[in-house]
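Q: The structure follows.
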Amino acid sequence: MPRPALHLAVEIDGDGAHPAAWRRAAHSPGELLTPRRLARVAAVAENAGFTLVTLEDSILPPGSAPAGGPAGRIGAVERAAFVAASTSVLGVAPVLATTYAEPFHVSSQLASLDHVSAGRAGWVVGVEEDPAAARAWGRPVVEGADARAREARDGLLVVRDLWDSWEDDAVIRSVATSRYLDRSRLHAIDFSGETYSVRGPSIVPRPPQGRPVVLARAGLVPAGLADVALVGGATAAEAGAAAADSGAPLAFAEIEVALDTPGEPARERIADLERYAPWEGGPDRLRYSGSAAGLVELLTELGGHVDGVRLHPLVLDEDLAVLSRLVLPELFVRRIAARPLPGTTLRASLGLPRPVSRFTTDGAATPVREETR
């Protein structure tokens, strides 16, 4: 059977995927962190038909050497809330790392985002690898890939349990009986990990989606914990193999893109920026440079292997315009890509079911399965 149409996501942090992208931005450097700039980019992405935007983040400032450029950013959750308020169908997924941040706070932030967005929130599970992040948090360094993966897994489990700790009908809001909550439908979790312990319940009612959509790099967390695996690969076939191995309900290929613009080929644009810094890119990401038509063909080929793509444009102001004018319209005409569904949640747009709480309706906790400890 043919695969469903591709879901399209785009990363909109900063000025683009290249560290010197700010040098080609269509705005003054001082405008980068303004609400007007963020709203403009989000509007272009939504009007183009993207299902989802993601927002990179870290407790550490973006690296500026040797390219120069911005050395700060506004928090991803705060930006995501602003994007949610200024859009109507676009999904919004900030990056949040649980390497040092407390999962209780991560859970509350994302649940709040899902409420203010009316169910359009997602979460890209991040990892802090730089020891400087530990110093910023005042925490011991989490050393090694295995330890960071453990923190990601434990953090995700705790966050999911906190989202579930309020049953859907826990809030009564009855003036006649003077009852706001049915306390039998609130559940305290009890988690003890290697670096922290958490007791619930959450302070935020269950999100509209039950759980916001979770995106994670393939292999970072155990199969089945993430809704969307972000997969790499040098070719469409390699991305497809990684998707099949991920065990996630959906898999999105990570693609860095540099497109020919009306006045300048992609190779010249890249060469211009390479004078200031190399385009090292993300690990194991597919990279495309060239015409819009060539990207359409690549995405058409990927449609037979993965469920979606997350694009990382070289320079947002240049590449997002080409994507919106020449790439996405052709994908929709060919029915290669899917538009978000108006009036629905991000889960519904992605074809994901709304998860039930792991707590039963009689107020007793469902026994924790061994694989989720």
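FYI, nothing fancy with the structure tokens labels: chains A, B, ... in order, residues from 1 per chain, ligands from 1 as they appear.
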Which neighbours of region 155-162 of chain A fall inside 10 Å, counting only C-alpha atoms, when residues of the same chain fewer than 5 positions from it are skipped, and could you give them as a short mmCIF file (atom, residue, chain, number, x, y, z; two decimals) with all heavy atoms, in the first residue's frame?

A:
data_model
loop_
_atom_site.label_atom_id
_atom_site.label_comp_id
_atom_site.auth_asym_id
_atom_site.auth_seq_id
_atom_site.Cartn_x
_atom_site.Cartn_y
_atom_site.Cartn_z
N ALA A 97 15.82 20.26 26.72
CA ALA A 97 16.68 19.17 27.18
C ALA A 97 16.40 18.86 28.64
O ALA A 97 16.17 19.77 29.44
CB ALA A 97 18.15 19.54 27.00
N THR A 98 16.40 17.58 28.98
CA THR A 98 16.24 17.18 30.37
C THR A 98 17.56 16.69 30.97
O THR A 98 17.56 16.08 32.02
CB THR A 98 15.18 16.06 30.51
OG1 THR A 98 15.58 14.95 29.71
CG2 THR A 98 13.82 16.54 30.07
N THR A 99 18.67 16.99 30.29
CA THR A 99 19.97 16.57 30.82
C THR A 99 20.21 17.18 32.19
O THR A 99 20.73 16.51 33.09
CB THR A 99 21.09 16.99 29.85
OG1 THR A 99 20.75 16.59 28.52
CG2 THR A 99 22.42 16.33 30.24
N TYR A 100 19.85 18.44 32.36
CA TYR A 100 20.02 19.11 33.65
C TYR A 100 18.74 19.75 34.15
O TYR A 100 18.57 19.93 35.36
CB TYR A 100 21.13 20.16 33.54
CG TYR A 100 22.46 19.57 33.12
CD1 TYR A 100 22.98 19.77 31.85
CD2 TYR A 100 23.18 18.76 34.01
CE1 TYR A 100 24.19 19.20 31.47
CE2 TYR A 100 24.37 18.18 33.63
CZ TYR A 100 24.88 18.41 32.36
OH TYR A 100 26.07 17.82 31.98
N ALA A 101 17.83 20.11 33.26
CA ALA A 101 16.57 20.73 33.68
C ALA A 101 15.70 19.71 34.41
O ALA A 101 15.76 18.52 34.14
CB ALA A 101 15.82 21.28 32.47
N GLU A 102 14.90 20.18 35.35
CA GLU A 102 14.02 19.31 36.11
C GLU A 102 12.81 18.91 35.26
O GLU A 102 12.12 19.77 34.71
CB GLU A 102 13.53 20.02 37.37
CG GLU A 102 14.61 20.28 38.40
CD GLU A 102 15.10 19.00 39.06
OE1 GLU A 102 14.40 17.97 38.97
OE2 GLU A 102 16.19 19.03 39.67
N PRO A 103 12.54 17.62 35.12
CA PRO A 103 11.40 17.18 34.32
C PRO A 103 10.06 17.77 34.79
O PRO A 103 9.16 17.96 33.98
CB PRO A 103 11.42 15.65 34.48
CG PRO A 103 12.83 15.33 34.79
CD PRO A 103 13.33 16.48 35.61
N PHE A 104 9.94 18.05 36.09
CA PHE A 104 8.69 18.64 36.59
C PHE A 104 8.42 19.97 35.90
O PHE A 104 7.29 20.27 35.50
CB PHE A 104 8.77 18.83 38.11
CG PHE A 104 7.45 19.15 38.74
CD1 PHE A 104 6.63 18.15 39.24
CD2 PHE A 104 7.01 20.46 38.84
CE1 PHE A 104 5.40 18.44 39.82
CE2 PHE A 104 5.79 20.77 39.41
CZ PHE A 104 4.98 19.76 39.91
N HIS A 105 9.48 20.79 35.74
CA HIS A 105 9.31 22.08 35.09
C HIS A 105 9.09 21.91 33.58
O HIS A 105 8.29 22.63 32.98
CB HIS A 105 10.52 22.97 35.36
CG HIS A 105 10.75 23.26 36.81
ND1 HIS A 105 9.75 23.73 37.63
CD2 HIS A 105 11.85 23.13 37.59
CE1 HIS A 105 10.22 23.89 38.86
NE2 HIS A 105 11.49 23.52 38.86
N VAL A 106 9.81 20.96 32.98
CA VAL A 106 9.62 20.69 31.55
C VAL A 106 8.18 20.28 31.29
O VAL A 106 7.53 20.76 30.36
CB VAL A 106 10.60 19.60 31.08
CG1 VAL A 106 10.27 19.16 29.65
CG2 VAL A 106 12.04 20.10 31.16
N SER A 107 7.66 19.39 32.13
CA SER A 107 6.28 18.94 31.98
C SER A 107 5.30 20.10 32.07
O SER A 107 4.39 20.23 31.24
CB SER A 107 5.96 17.91 33.06
OG SER A 107 4.58 17.67 33.15
N SER A 108 5.48 20.97 33.05
CA SER A 108 4.56 22.09 33.24
C SER A 108 4.63 23.07 32.07
O SER A 108 3.60 23.57 31.61
CB SER A 108 4.90 22.82 34.55
OG SER A 108 4.75 21.96 35.66
N LEU A 110 5.47 22.47 28.92
CA LEU A 110 4.91 21.91 27.69
C LEU A 110 3.39 21.72 27.81
O LEU A 110 2.66 21.91 26.84
CB LEU A 110 5.60 20.60 27.35
CG LEU A 110 7.07 20.76 26.94
CD1 LEU A 110 7.77 19.41 26.90
CD2 LEU A 110 7.18 21.45 25.58
N ALA A 111 2.92 21.33 29.00
CA ALA A 111 1.48 21.23 29.20
C ALA A 111 0.82 22.60 29.04
O ALA A 111 -0.25 22.73 28.42
CB ALA A 111 1.18 20.65 30.57
N VAL A 125 12.93 16.49 22.08
CA VAL A 125 13.74 16.12 23.24
C VAL A 125 15.20 16.45 22.93
O VAL A 125 15.79 15.91 21.99
CB VAL A 125 13.59 14.63 23.57
CG1 VAL A 125 14.44 14.27 24.79
CG2 VAL A 125 12.13 14.28 23.83
N ALA A 149 21.76 9.71 27.40
CA ALA A 149 20.57 8.99 26.92
C ALA A 149 19.71 8.53 28.09
O ALA A 149 18.48 8.55 28.02
CB ALA A 149 20.98 7.81 26.06
N ARG A 150 20.36 8.12 29.20
CA ARG A 150 19.60 7.72 30.40
C ARG A 150 18.80 8.89 30.94
O ARG A 150 17.62 8.74 31.29
CB ARG A 150 20.57 7.22 31.47
CG ARG A 150 19.91 6.81 32.79
CD ARG A 150 20.90 6.90 33.94
NE ARG A 150 21.29 8.28 34.20
CZ ARG A 150 22.53 8.66 34.53
NH1 ARG A 150 23.52 7.78 34.61
NH2 ARG A 150 22.79 9.94 34.76
N HIS A 187 -3.22 11.95 40.57
CA HIS A 187 -2.38 10.83 40.99
C HIS A 187 -0.94 11.29 41.18
O HIS A 187 -0.37 11.95 40.29
CB HIS A 187 -2.43 9.71 39.95
CG HIS A 187 -3.82 9.29 39.60
ND1 HIS A 187 -4.55 8.43 40.38
CD2 HIS A 187 -4.63 9.66 38.57
CE1 HIS A 187 -5.75 8.26 39.83
NE2 HIS A 187 -5.82 9.01 38.74
N ALA A 188 -0.39 10.96 42.32
CA ALA A 188 1.01 11.28 42.60
C ALA A 188 1.90 10.22 41.98
O ALA A 188 1.68 9.03 42.15
CB ALA A 188 1.24 11.34 44.10
N ILE A 189 2.90 10.67 41.20
CA ILE A 189 3.88 9.73 40.69
C ILE A 189 5.03 9.67 41.69
O ILE A 189 5.21 10.57 42.52
CB ILE A 189 4.39 10.14 39.30
CG1 ILE A 189 5.28 11.39 39.38
CG2 ILE A 189 3.22 10.39 38.35
CD1 ILE A 189 6.05 11.65 38.12
N ASP A 190 5.80 8.64 41.61
CA ASP A 190 6.92 8.45 42.53
C ASP A 190 8.08 7.87 41.74
O ASP A 190 8.14 6.67 41.48
CB ASP A 190 6.53 7.50 43.67
CG ASP A 190 7.59 7.44 44.76
OD1 ASP A 190 8.62 8.13 44.62
OD2 ASP A 190 7.38 6.70 45.73
N PHE A 191 8.97 8.76 41.30
CA PHE A 191 10.09 8.34 40.47
C PHE A 191 11.41 8.63 41.18
O PHE A 191 11.62 9.73 41.69
CB PHE A 191 10.07 9.07 39.13
CG PHE A 191 11.24 8.72 38.23
CD1 PHE A 191 11.16 7.65 37.36
CD2 PHE A 191 12.42 9.46 38.27
CE1 PHE A 191 12.23 7.30 36.54
CE2 PHE A 191 13.49 9.13 37.46
CZ PHE A 191 13.39 8.05 36.59
N SER A 192 12.31 7.68 41.17
CA SER A 192 13.66 7.86 41.70
C SER A 192 14.65 7.40 40.65
O SER A 192 14.68 6.22 40.29
CB SER A 192 13.86 7.06 42.99
OG SER A 192 13.04 7.57 44.02
N GLY A 193 15.42 8.33 40.12
CA GLY A 193 16.45 8.02 39.14
C GLY A 193 17.83 8.15 39.74
O GLY A 193 17.98 8.31 40.96
N TYR A 196 17.98 12.32 40.24
CA TYR A 196 16.89 13.10 40.83
C TYR A 196 15.72 12.19 41.14
O TYR A 196 15.65 11.05 40.68
CB TYR A 196 16.43 14.24 39.90
CG TYR A 196 15.96 13.77 38.54
CD1 TYR A 196 14.67 13.30 38.35
CD2 TYR A 196 16.81 13.81 37.45
CE1 TYR A 196 14.24 12.86 37.12
CE2 TYR A 196 16.40 13.37 36.21
CZ TYR A 196 15.11 12.90 36.05
OH TYR A 196 14.70 12.46 34.82
N SER A 197 14.80 12.71 41.94
CA SER A 197 13.55 12.02 42.22
C SER A 197 12.41 13.02 42.06
O SER A 197 12.60 14.22 42.28
CB SER A 197 13.54 11.41 43.62
OG SER A 197 13.70 12.42 44.60
N VAL A 198 11.24 12.51 41.69
CA VAL A 198 10.09 13.38 41.44
C VAL A 198 8.85 12.74 42.03
O VAL A 198 8.61 11.54 41.87
CB VAL A 198 9.88 13.59 39.92
CG1 VAL A 198 8.65 14.47 39.66
CG2 VAL A 198 11.11 14.22 39.29
N ARG A 199 8.05 13.57 42.71
CA ARG A 199 6.74 13.14 43.15
C ARG A 199 5.70 14.11 42.58
O ARG A 199 5.91 15.31 42.58
CB ARG A 199 6.64 13.13 44.68
CG ARG A 199 7.42 12.00 45.34
CD ARG A 199 7.11 11.90 46.81
NE ARG A 199 5.69 11.65 47.06
CZ ARG A 199 5.13 10.44 47.01
NH1 ARG A 199 5.85 9.38 46.70
NH2 ARG A 199 3.84 10.30 47.28
N GLY A 200 4.61 13.57 42.11
CA GLY A 200 3.56 14.37 41.50
C GLY A 200 2.42 14.59 42.47
O GLY A 200 2.56 14.31 43.65
N PRO A 201 1.26 15.01 42.00
CA PRO A 201 0.93 15.20 40.59
C PRO A 201 1.44 16.51 40.02
O PRO A 201 2.04 17.32 40.74
CB PRO A 201 -0.61 15.20 40.62
CG PRO A 201 -0.93 15.81 41.95
CD PRO A 201 0.12 15.27 42.88
N SER A 202 1.18 16.70 38.75
CA SER A 202 1.54 17.95 38.09
C SER A 202 0.74 19.11 38.69
O SER A 202 -0.28 18.90 39.35
CB SER A 202 1.27 17.83 36.59
OG SER A 202 1.44 19.07 35.94
N ILE A 203 1.19 20.31 38.43
CA ILE A 203 0.42 21.50 38.84
C ILE A 203 -0.42 22.03 37.68
O ILE A 203 -1.15 23.01 37.85
CB ILE A 203 1.34 22.61 39.36
CG1 ILE A 203 2.35 23.03 38.30
CG2 ILE A 203 2.05 22.16 40.64
CD1 ILE A 203 3.19 24.23 38.68
N VAL A 204 -0.33 21.39 36.50
CA VAL A 204 -1.08 21.83 35.32
C VAL A 204 -2.02 20.70 34.89
O VAL A 204 -1.60 19.54 34.81
CB VAL A 204 -0.12 22.16 34.15
CG1 VAL A 204 -0.91 22.64 32.93
CG2 VAL A 204 0.89 23.22 34.58
N PRO A 205 -3.29 21.00 34.64
CA PRO A 205 -4.21 19.95 34.17
C PRO A 205 -3.71 19.26 32.92
O PRO A 205 -2.87 19.79 32.19
CB PRO A 205 -5.51 20.72 33.90
CG PRO A 205 -5.42 21.93 34.77
CD PRO A 205 -3.97 22.30 34.82
N ARG A 206 -4.24 18.06 32.66
CA ARG A 206 -3.78 17.26 31.52
C ARG A 206 -3.91 18.06 30.24
O ARG A 206 -4.91 18.74 29.99
CB ARG A 206 -4.60 15.97 31.41
CG ARG A 206 -3.95 14.95 30.47
CD ARG A 206 -4.44 13.54 30.73
NE ARG A 206 -3.54 12.59 30.10
CZ ARG A 206 -3.87 11.78 29.09
NH1 ARG A 206 -5.12 11.80 28.64
NH2 ARG A 206 -3.00 10.95 28.58
N GLY A 210 -3.71 15.18 25.58
CA GLY A 210 -3.32 14.09 26.46
C GLY A 210 -1.84 14.16 26.75
O GLY A 210 -1.41 14.36 27.89
N ARG A 211 -1.06 14.05 25.72
CA ARG A 211 0.39 14.29 25.77
C ARG A 211 0.77 15.04 24.51
O ARG A 211 0.43 14.61 23.40
CB ARG A 211 1.17 12.97 25.82
CG ARG A 211 0.86 12.09 27.01
CD ARG A 211 1.49 10.72 26.82
NE ARG A 211 1.01 9.77 27.83
CZ ARG A 211 1.04 8.45 27.65
NH1 ARG A 211 1.52 7.93 26.52
NH2 ARG A 211 0.59 7.65 28.60
N PRO A 212 1.48 16.17 24.61
CA PRO A 212 2.01 16.81 23.41
C PRO A 212 2.85 15.83 22.59
O PRO A 212 3.41 14.88 23.14
CB PRO A 212 2.86 17.96 23.96
CG PRO A 212 2.21 18.28 25.28
CD PRO A 212 1.75 16.96 25.83
N VAL A 214 5.79 14.09 20.94
CA VAL A 214 7.20 14.01 21.32
C VAL A 214 8.03 13.60 20.11
O VAL A 214 7.77 12.57 19.48
CB VAL A 214 7.41 13.00 22.46
CG1 VAL A 214 8.89 12.84 22.78
CG2 VAL A 214 6.64 13.44 23.71
N VAL A 221 16.03 7.63 22.82
CA VAL A 221 15.16 7.05 23.85
C VAL A 221 14.67 5.69 23.34
O VAL A 221 14.66 5.44 22.13
CB VAL A 221 13.97 7.97 24.20
CG1 VAL A 221 14.47 9.28 24.77
CG2 VAL A 221 13.11 8.22 22.97
N LEU A 225 8.75 5.27 23.01
CA LEU A 225 8.55 6.41 23.92
C LEU A 225 8.31 7.71 23.16
O LEU A 225 7.64 8.62 23.67
CB LEU A 225 9.76 6.57 24.85
CG LEU A 225 9.90 5.55 25.97
CD1 LEU A 225 11.05 5.92 26.89
CD2 LEU A 225 8.61 5.43 26.77
N ALA A 226 8.87 7.84 21.97
CA ALA A 226 8.67 9.04 21.16
C ALA A 226 7.59 8.78 20.12
O ALA A 226 7.43 7.66 19.63
CB ALA A 226 9.96 9.46 20.48
N SER A 357 -4.56 8.08 29.61
CA SER A 357 -3.70 8.15 30.78
C SER A 357 -3.36 6.74 31.26
O SER A 357 -4.17 5.81 31.13
CB SER A 357 -4.40 8.91 31.91
OG SER A 357 -3.69 8.77 33.13
N ARG A 358 -2.18 6.57 31.80
CA ARG A 358 -1.82 5.25 32.35
C ARG A 358 -2.50 5.02 33.70
O ARG A 358 -2.35 3.96 34.28
CB ARG A 358 -0.30 5.10 32.48
CG ARG A 358 0.33 5.80 33.68
CD ARG A 358 1.78 5.36 33.83
NE ARG A 358 2.43 5.91 35.01
CZ ARG A 358 2.41 5.35 36.20
NH1 ARG A 358 1.71 4.25 36.41
NH2 ARG A 358 3.05 5.90 37.21
N PHE A 359 -3.24 6.01 34.20
CA PHE A 359 -4.00 5.86 35.44
C PHE A 359 -5.44 5.47 35.11
O PHE A 359 -6.02 5.96 34.15
CB PHE A 359 -3.98 7.16 36.25
CG PHE A 359 -2.61 7.54 36.74
CD1 PHE A 359 -1.83 8.44 36.03
CD2 PHE A 359 -2.09 6.98 37.89
CE1 PHE A 359 -0.57 8.79 36.48
CE2 PHE A 359 -0.83 7.32 38.34
CZ PHE A 359 -0.06 8.23 37.64
N THR A 372 9.12 0.54 31.40
CA THR A 372 9.01 1.99 31.55
C THR A 372 9.61 2.48 32.84
O THR A 372 9.40 3.61 33.24
CB THR A 372 7.53 2.42 31.49
OG1 THR A 372 6.81 1.83 32.57
CG2 THR A 372 6.90 2.02 30.16
N ARG A 373 10.38 1.65 33.52
CA ARG A 373 11.04 2.10 34.73
C ARG A 373 12.43 2.62 34.42
O ARG A 373 13.07 2.17 33.49
CB ARG A 373 11.16 0.96 35.73
CG ARG A 373 9.81 0.56 36.29
CD ARG A 373 9.12 1.66 37.04
NE ARG A 373 9.79 2.05 38.23
CZ ARG A 373 9.41 3.04 39.02
NH1 ARG A 373 8.35 3.76 38.71
NH2 ARG A 373 10.07 3.35 40.10
#

Q: With a distance cut-off of 8 Å and only C-alpha atoms, select the neighbouring residues of region 332-340 of chain A, excluding the residue or stretch itself and same-chain residues fewer than 2 positions from it, and output the selection as a PDB file with N, CA, C and O atoms, in the first residue's frame.

A:
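Okay, this is what ended up in selection.pdb:
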ATOM      1  N   ALA A   5       0.676  10.794   2.779  1.00  0.00           N
ATOM      2  CA  ALA A   5       1.442  11.953   2.343  1.00  0.00           C
ATOM      3  C   ALA A   5       2.403  12.409   3.433  1.00  0.00           C
ATOM      4  O   ALA A   5       2.159  12.241   4.624  1.00  0.00           O
ATOM      5  N   LEU A   6       3.523  12.985   2.981  1.00  0.00           N
ATOM      6  CA  LEU A   6       4.545  13.464   3.907  1.00  0.00           C
ATOM      7  C   LEU A   6       4.034  14.605   4.774  1.00  0.00           C
ATOM      8  O   LEU A   6       3.313  15.489   4.305  1.00  0.00           O
ATOM      9  N   HIS A   7       4.444  14.601   6.039  1.00  0.00           N
ATOM     10  CA  HIS A   7       4.248  15.743   6.923  1.00  0.00           C
ATOM     11  C   HIS A   7       5.510  16.602   6.855  1.00  0.00           C
ATOM     12  O   HIS A   7       6.632  16.083   6.849  1.00  0.00           O
ATOM     13  N   LEU A   8       5.325  17.914   6.817  1.00  0.00           N
ATOM     14  CA  LEU A   8       6.437  18.838   6.604  1.00  0.00           C
ATOM     15  C   LEU A   8       6.677  19.687   7.844  1.00  0.00           C
ATOM     16  O   LEU A   8       5.775  20.363   8.336  1.00  0.00           O
ATOM     17  N   GLY A  49       2.047  26.056   4.284  1.00  0.00           N
ATOM     18  CA  GLY A  49       1.437  24.743   4.476  1.00  0.00           C
ATOM     19  C   GLY A  49       2.239  23.783   5.320  1.00  0.00           C
ATOM     20  O   GLY A  49       1.921  22.588   5.361  1.00  0.00           O
ATOM     21  N   PHE A  50       3.265  24.274   6.012  1.00  0.00           N
ATOM     22  CA  PHE A  50       4.002  23.402   6.919  1.00  0.00           C
ATOM     23  C   PHE A  50       3.087  22.938   8.047  1.00  0.00           C
ATOM     24  O   PHE A  50       2.241  23.703   8.539  1.00  0.00           O
ATOM     25  N   THR A  51       3.253  21.710   8.464  1.00  0.00           N
ATOM     26  CA  THR A  51       2.491  21.177   9.585  1.00  0.00           C
ATOM     27  C   THR A  51       3.049  21.650  10.908  1.00  0.00           C
ATOM     28  O   THR A  51       2.303  21.865  11.867  1.00  0.00           O
ATOM     29  N   VAL A  89      -3.180  27.147  12.800  1.00  0.00           N
ATOM     30  CA  VAL A  89      -3.137  25.712  12.508  1.00  0.00           C
ATOM     31  C   VAL A  89      -1.746  25.126  12.649  1.00  0.00           C
ATOM     32  O   VAL A  89      -1.581  23.905  12.646  1.00  0.00           O
ATOM     33  N   LEU A  90      -0.746  25.950  12.773  1.00  0.00           N
ATOM     34  CA  LEU A  90       0.645  25.502  12.780  1.00  0.00           C
ATOM     35  C   LEU A  90       1.007  24.831  14.094  1.00  0.00           C
ATOM     36  O   LEU A  90       0.775  25.375  15.167  1.00  0.00           O
ATOM     37  N   LEU A 299      12.127  14.862  -2.206  1.00  0.00           N
ATOM     38  CA  LEU A 299      11.062  14.647  -1.230  1.00  0.00           C
ATOM     39  C   LEU A 299      10.051  13.621  -1.732  1.00  0.00           C
ATOM     40  O   LEU A 299       9.488  12.856  -0.944  1.00  0.00           O
ATOM     41  N   THR A 300       9.835  13.605  -3.040  1.00  0.00           N
ATOM     42  CA  THR A 300       8.960  12.584  -3.613  1.00  0.00           C
ATOM     43  C   THR A 300       9.547  11.195  -3.377  1.00  0.00           C
ATOM     44  O   THR A 300       8.832  10.255  -3.007  1.00  0.00           O
ATOM     45  N   GLY A 303       9.221  10.179   0.186  1.00  0.00           N
ATOM     46  CA  GLY A 303       7.854   9.818   0.554  1.00  0.00           C
ATOM     47  C   GLY A 303       7.602   8.328   0.556  1.00  0.00           C
ATOM     48  O   GLY A 303       6.660   7.862   1.204  1.00  0.00           O
ATOM     49  N   LEU A 328       6.671  23.619  -1.801  1.00  0.00           N
ATOM     50  CA  LEU A 328       5.466  23.092  -1.171  1.00  0.00           C
ATOM     51  C   LEU A 328       4.253  23.084  -2.110  1.00  0.00           C
ATOM     52  O   LEU A 328       3.510  22.091  -2.130  1.00  0.00           O
ATOM     53  N   PRO A 329       4.008  24.133  -2.901  1.00  0.00           N
ATOM     54  CA  PRO A 329       2.861  24.057  -3.817  1.00  0.00           C
ATOM     55  C   PRO A 329       2.927  22.855  -4.751  1.00  0.00           C
ATOM     56  O   PRO A 329       1.909  22.206  -5.006  1.00  0.00           O
ATOM     57  N   GLU A 330       4.103  22.544  -5.256  1.00  0.00           N
ATOM     58  CA  GLU A 330       4.240  21.398  -6.151  1.00  0.00           C
ATOM     59  C   GLU A 330       4.003  20.086  -5.412  1.00  0.00           C
ATOM     60  O   GLU A 330       3.398  19.158  -5.947  1.00  0.00           O
ATOM     61  N   PRO A 342      -7.190  22.251   9.670  1.00  0.00           N
ATOM     62  CA  PRO A 342      -7.719  23.359  10.485  1.00  0.00           C
ATOM     63  C   PRO A 342      -8.624  22.847  11.591  1.00  0.00           C
ATOM     64  O   PRO A 342      -9.399  21.903  11.407  1.00  0.00           O
ATOM     65  N   LEU A 346      -2.333  18.938  16.839  1.00  0.00           N
ATOM     66  CA  LEU A 346      -1.162  18.471  16.097  1.00  0.00           C
ATOM     67  C   LEU A 346      -1.211  16.955  15.944  1.00  0.00           C
ATOM     68  O   LEU A 346      -0.871  16.411  14.888  1.00  0.00           O
ATOM     69  N   SER A 349      -3.464  16.135  13.089  1.00  0.00           N
ATOM     70  CA  SER A 349      -2.835  16.447  11.805  1.00  0.00           C
ATOM     71  C   SER A 349      -1.818  15.383  11.400  1.00  0.00           C
ATOM     72  O   SER A 349      -1.653  15.084  10.215  1.00  0.00           O
ATOM     73  N   LEU A 350      -1.139  14.813  12.385  1.00  0.00           N
ATOM     74  CA  LEU A 350      -0.132  13.785  12.112  1.00  0.00           C
ATOM     75  C   LEU A 350      -0.726  12.379  12.048  1.00  0.00           C
ATOM     76  O   LEU A 350      -0.002  11.415  11.786  1.00  0.00           O
TER      77      LEU A 350
END

Q: Work out how far apart CA of Trp279 (chain A) and CA of Val83 (chain A) are and give it in Å to one decimal.

A: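 It comes out at 27.7 Å.
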
Q: Apply DSSP to the backbone of this structure and, from region 180-270 of chain A, keep only the residues in alpha helix (DSSP H); write these as a PyMOL selection string.

A: chain A and resi 236-246+266-270

Q: Name the residues in contact with Val10 (chain A) at a cut-off of 8 Å, using only C-alpha atoms, excluding same-chain residues fewer than 5 positions from it; report them as a PyMOL selection string.

A: chain A and resi 45+50+52-54+310-313

Q: Name the residues in contact with His305 (chain A) at a cut-off of 8 Å, using only C-alpha atoms, excluding same-chain residues fewer than 5 positions from it; report them as a PyMOL selection string.

A: chain A and resi 236-237+239-241+243

Q: For the selection you just gave me, I'd like the residues written to a file as a tab-separated table (two decimals), in the first residue's frame, keeping C-alpha atoms.

A:
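This is the output file again.tsv:
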chain	number	residue	atom	x	y	z
A	236	ALA	CA	16.55	8.27	0.91
A	237	ALA	CA	17.10	4.53	1.28
A	239	ALA	CA	16.78	7.34	5.89
A	240	GLY	CA	14.12	4.71	5.24
A	241	ALA	CA	16.22	2.01	6.89
A	243	ALA	CA	13.01	4.93	10.04

Q: Mind the document's chain letters and residue numbers, and return as JSON, numbers by chain the residues of region 61-239 of chain A that DSSP labels strand (DSSP E).

A: {"A": [91, 92, 93, 94, 95, 96, 97, 122, 123, 124, 125, 126, 171, 172, 173, 174, 179, 180, 181, 190, 191, 192, 197, 198, 199, 213, 214, 215, 216, 217, 228, 229, 230, 231]}

Q: So which one's closest to Asp13 (chain A), A:Ser289, A:Asn47, A:Ser58, A:Ser112? Using only C-alpha atoms, please.

A: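 Answer, going by the shortest atom-to-atom distance: A:Ser58.
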
Q: With only C-alpha atoms as the basis for distance, which of A:Glu11, A:Glu46, A:Asp114, A:Asp307 is at the shortest distance from Thr87 (chain A)?

A: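 For Thr87 (chain A), the nearest of the candidates is A:Glu46.
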
Q: When you count only C-alpha atoms, which of these residues is closest to Glu151 (chain A): A:Pro94, A:Pro353, A:Pro222, A:Pro208?

A: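 Of A:Pro94, A:Pro353, A:Pro222, A:Pro208, the one nearest Glu151 (chain A), counting only C-alpha atoms, is A:Pro222.
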